[in-house]
Amino acid sequence: MKLLQHLKRRPSVLIYTFFAFLAVLISNKLGISIGNLNQAWVNAGVLWSEMFPPDFSVVTERASWTQTECNWEADWACSAAIHGLVETIQIAFLATLFGMLLSLPLSMMAAHNLSPIGLSVVTRNLLAGLRVLPSLVWALIFVIMFGPGPLAGVLAMTLYTVGYLGKLQYEALEGISRYPLEAARAMGLPRWQVARYFALPEASNAILSQILFMFEYNIRHGSVIGIVGAGGIGWYLSNYLGVFSRYDRALALILVIYIAVVIIDQISLSIRHRFMDSETHAPRARWREIIPFISKRE
Amino acid sequence: MASPILTIRDGSIGFENDKPLLVDVNLELHPGEIVGVIGRSGIGKSTLLRTIAGLISPISGEITTPTERGDIGYIPQRLGLVNHQTVGYNVMMGALPRAPFWQTLFSLPGFELRQSARNAIEAVGLTDKVLDSITQLSGGQQQRVAIARSMVQQPQLLLADECLGELDSETAKEIIQLLQQLANQSNIAIIIVDHNPVRVATFCDRVLQVKGTRIEEVEL
């Protein structure tokens, strides 16, 4: 009786118990048990011993098996880590640029406050369709179509960028105040002018911030899609983990990717802060602020 | 007298067919006339303006407004300015309805349009603020930008929804002078919604009061 009274007073205990029970039930159904972990520990021990110490020759030695040609004199510039990383950033840049060019008009068509309902629903479904497959699966499809290399990577990430950025952008457009749009509509302006001259500038801070976020995201994902042969640093990583079984070099590459991602995250975050809205005093969106030294010179 | 710019016959206005906010609305407005609309908050004044602006369909009745693009100017309650852009950009937006297509396509307004924007900015006294962002301006300065946009637009009918808002009496007086200038010099008919009956009586040719679901003319 006391237990029942206690549970009545604190229903959260009941909720936690329920979820714990559900987790055990599902794990049992999937055949996951503590016993499985024993073998994993043995394998992890082997992997650990082969990974350490990391072999940083991947940063200094010229890689003779690069996917794309490398003409730099310096060996480090054509190393698996640096060449792969630069290629990943290049793929991310192109994918973000093409993705942005395609997603901007699509997001305007998808926004409820800018488009007729029919067009909006069709465009939203199209964007959702592009997001159904992760960029890794798109990469697999394009590797089959165009062969391994950066082209497959750019196409895969462009499609995913369109789907993902398009959604972020139409949500930003739908979030703007209705008053500028009403003033524009009362003037008798066609929909495209309302979107281009009123909605887009009003949402520009959020949109610029999202584009930078997407670039950063594409760099992170660029290292994954290489695993299926779509270019970038992932290509080297997958070969060191698979064909060559050089886990020490793979670990060095993982550390390089980690350091690069942390640096790019910080740069992107500090730039994005410039475009973030504050409720009281929203800063003006200025493209030139993307390059900080230009605005400093003023 | 010139033919009316705006005619409303037996208008029923609101969002739900069985619960109209305003019924039996009959109104005629002539060029150069300033009409004030007063009434308590939430009674349907803004809905009336939005219906005239064509943003909401009337439940019933007939509303005749100018049909050309750019003939109706609307200053919403919160002015409807593009906050992340400059004063110059916002004023230029008034030129969009009458600008040639290719100029709007490439954002390249012609000399005449740029000149008219410059003149409007000068008329409202914001020449030194042309490159300032809207968010850097005071409430009164933002009202001026909205009026300058209407000056460039040159509508036949201007609908101003509480554009005097919470302004201090000095600034409100300056904005009223600008509105009067628009009505007298450009022969623009203006409907202005305000919550201050005394202020409205000082500069409007007619004052309409919304009482319940009806609109009555107030004796000045």
# chains A, B, ... in the order shown; residues from 1 in each chain; ligands from 1

$ residues_around --residues "region 140-152 of chain A" --least-positions-apart "5" --cutoff "7 Å" --atoms "only C-alpha atoms" --output "ChimeraX atom specification"
/A:67,91,228-232

$ residues_around --residues "region 106-111 of chain B" --least-positions-apart "2" --cutoff "12 Å" --atoms "only C-alpha atoms" --output "ChimeraX atom specification"
/A:193,196-197 /B:89,92-104,113-118

$ atom_distance --atom1 "CA of Leu251 (chain A)" --atom2 "CA of Ala156 (chain A)"
26.1 Å

$ interface_residues --of "chain B" --to "chain A" --cutoff "8 Å" --atoms "only C-alpha atoms" --output "NGL selection string"
:B and (53-55 or 69-85 or 93 or 96-97 or 104 or 133 or 135-136)

$ write_last_selection --atoms "N, CA and C atoms" --output "PDB file, in the first residue's frame"
ATOM      1  N   ALA B  53      -7.648  46.566 -48.483  1.00  0.00           N
ATOM      2  CA  ALA B  53      -6.357  46.342 -49.168  1.00  0.00           C
ATOM      3  C   ALA B  53      -6.374  45.076 -50.017  1.00  0.00           C
ATOM      4  N   GLY B  54      -7.428  44.277 -49.891  1.00  0.00           N
ATOM      5  CA  GLY B  54      -7.524  43.058 -50.696  1.00  0.00           C
ATOM      6  C   GLY B  54      -6.831  41.868 -50.069  1.00  0.00           C
ATOM      7  N   LEU B  55      -6.444  41.995 -48.808  1.00  0.00           N
ATOM      8  CA  LEU B  55      -5.740  40.885 -48.148  1.00  0.00           C
ATOM      9  C   LEU B  55      -6.722  39.866 -47.586  1.00  0.00           C
ATOM     10  N   ARG B  69      -1.919  48.153 -60.568  1.00  0.00           N
ATOM     11  CA  ARG B  69      -0.866  47.770 -59.606  1.00  0.00           C
ATOM     12  C   ARG B  69      -0.299  49.009 -58.938  1.00  0.00           C
ATOM     13  N   GLY B  70      -0.149  48.961 -57.646  1.00  0.00           N
ATOM     14  CA  GLY B  70       0.466  50.076 -56.917  1.00  0.00           C
ATOM     15  C   GLY B  70      -0.518  51.179 -56.555  1.00  0.00           C
ATOM     16  N   ASP B  71      -1.805  50.992 -56.887  1.00  0.00           N
ATOM     17  CA  ASP B  71      -2.786  52.031 -56.578  1.00  0.00           C
ATOM     18  C   ASP B  71      -3.185  52.042 -55.110  1.00  0.00           C
ATOM     19  N   ILE B  72      -2.935  50.934 -54.409  1.00  0.00           N
ATOM     20  CA  ILE B  72      -3.260  50.901 -52.977  1.00  0.00           C
ATOM     21  C   ILE B  72      -1.963  50.822 -52.180  1.00  0.00           C
ATOM     22  N   GLY B  73      -1.829  51.736 -51.247  1.00  0.00           N
ATOM     23  CA  GLY B  73      -0.680  51.700 -50.339  1.00  0.00           C
ATOM     24  C   GLY B  73      -1.182  51.293 -48.967  1.00  0.00           C
ATOM     25  N   TYR B  74      -0.408  50.470 -48.283  1.00  0.00           N
ATOM     26  CA  TYR B  74      -0.861  49.979 -46.977  1.00  0.00           C
ATOM     27  C   TYR B  74       0.288  50.068 -45.988  1.00  0.00           C
ATOM     28  N   ILE B  75       0.058  50.801 -44.915  1.00  0.00           N
ATOM     29  CA  ILE B  75       1.054  50.847 -43.830  1.00  0.00           C
ATOM     30  C   ILE B  75       0.459  50.067 -42.664  1.00  0.00           C
ATOM     31  N   PRO B  76       0.901  48.805 -42.470  1.00  0.00           N
ATOM     32  CA  PRO B  76       0.319  47.986 -41.399  1.00  0.00           C
ATOM     33  C   PRO B  76       0.699  48.516 -40.015  1.00  0.00           C
ATOM     34  N   GLN B  77       0.066  47.909 -39.012  1.00  0.00           N
ATOM     35  CA  GLN B  77       0.281  48.335 -37.622  1.00  0.00           C
ATOM     36  C   GLN B  77       1.764  48.427 -37.276  1.00  0.00           C
ATOM     37  N   ARG B  78       2.534  47.403 -37.710  1.00  0.00           N
ATOM     38  CA  ARG B  78       3.971  47.447 -37.394  1.00  0.00           C
ATOM     39  C   ARG B  78       4.780  47.909 -38.593  1.00  0.00           C
ATOM     40  N   LEU B  79       4.151  48.703 -39.420  1.00  0.00           N
ATOM     41  CA  LEU B  79       4.768  49.420 -40.543  1.00  0.00           C
ATOM     42  C   LEU B  79       5.145  48.569 -41.744  1.00  0.00           C
ATOM     43  N   GLY B  80       5.446  47.310 -41.549  1.00  0.00           N
ATOM     44  CA  GLY B  80       5.733  46.437 -42.689  1.00  0.00           C
ATOM     45  C   GLY B  80       7.027  46.782 -43.395  1.00  0.00           C
ATOM     46  N   LEU B  81       8.016  47.229 -42.634  1.00  0.00           N
ATOM     47  CA  LEU B  81       9.316  47.528 -43.251  1.00  0.00           C
ATOM     48  C   LEU B  81      10.189  46.278 -43.203  1.00  0.00           C
ATOM     49  N   VAL B  82      11.147  46.212 -44.134  1.00  0.00           N
ATOM     50  CA  VAL B  82      12.093  45.090 -44.115  1.00  0.00           C
ATOM     51  C   VAL B  82      13.200  45.466 -43.130  1.00  0.00           C
ATOM     52  N   ASN B  83      13.141  44.874 -41.949  1.00  0.00           N
ATOM     53  CA  ASN B  83      13.990  45.309 -40.827  1.00  0.00           C
ATOM     54  C   ASN B  83      15.477  45.175 -41.060  1.00  0.00           C
ATOM     55  N   HIS B  84      15.872  44.156 -41.823  1.00  0.00           N
ATOM     56  CA  HIS B  84      17.308  43.921 -41.987  1.00  0.00           C
ATOM     57  C   HIS B  84      17.897  44.695 -43.159  1.00  0.00           C
ATOM     58  N   GLN B  85      17.133  45.642 -43.674  1.00  0.00           N
ATOM     59  CA  GLN B  85      17.650  46.428 -44.794  1.00  0.00           C
ATOM     60  C   GLN B  85      17.714  47.905 -44.437  1.00  0.00           C
ATOM     61  N   MET B  93      11.418  50.284 -52.272  1.00  0.00           N
ATOM     62  CA  MET B  93      10.399  49.243 -52.461  1.00  0.00           C
ATOM     63  C   MET B  93       9.070  49.826 -52.936  1.00  0.00           C
ATOM     64  N   LEU B  96       8.578  49.561 -56.686  1.00  0.00           N
ATOM     65  CA  LEU B  96       8.445  48.245 -57.345  1.00  0.00           C
ATOM     66  C   LEU B  96       7.196  48.100 -58.221  1.00  0.00           C
ATOM     67  N   PRO B  97       6.012  48.505 -57.733  1.00  0.00           N
ATOM     68  CA  PRO B  97       4.820  48.240 -58.546  1.00  0.00           C
ATOM     69  C   PRO B  97       4.848  48.895 -59.918  1.00  0.00           C
ATOM     70  N   THR B 104      13.102  45.314 -62.192  1.00  0.00           N
ATOM     71  CA  THR B 104      12.823  44.583 -60.943  1.00  0.00           C
ATOM     72  C   THR B 104      13.532  43.235 -60.951  1.00  0.00           C
ATOM     73  N   SER B 133      20.325  50.956 -40.987  1.00  0.00           N
ATOM     74  CA  SER B 133      19.372  49.841 -40.941  1.00  0.00           C
ATOM     75  C   SER B 133      18.112  50.305 -40.221  1.00  0.00           C
ATOM     76  N   THR B 135      16.446  48.845 -38.016  1.00  0.00           N
ATOM     77  CA  THR B 135      16.490  48.560 -36.573  1.00  0.00           C
ATOM     78  C   THR B 135      17.267  49.617 -35.791  1.00  0.00           C
ATOM     79  N   GLN B 136      18.021  50.445 -36.513  1.00  0.00           N
ATOM     80  CA  GLN B 136      18.783  51.498 -35.813  1.00  0.00           C
ATOM     81  C   GLN B 136      17.965  52.775 -35.639  1.00  0.00           C
TER      82      GLN B 136
END

$ closest_residue --among "B:Pro31, B:Lys19, B:Gly39, B:Ser60" --to "Glu216 (chain B)" --atoms "only C-alpha atoms"
B:Gly39
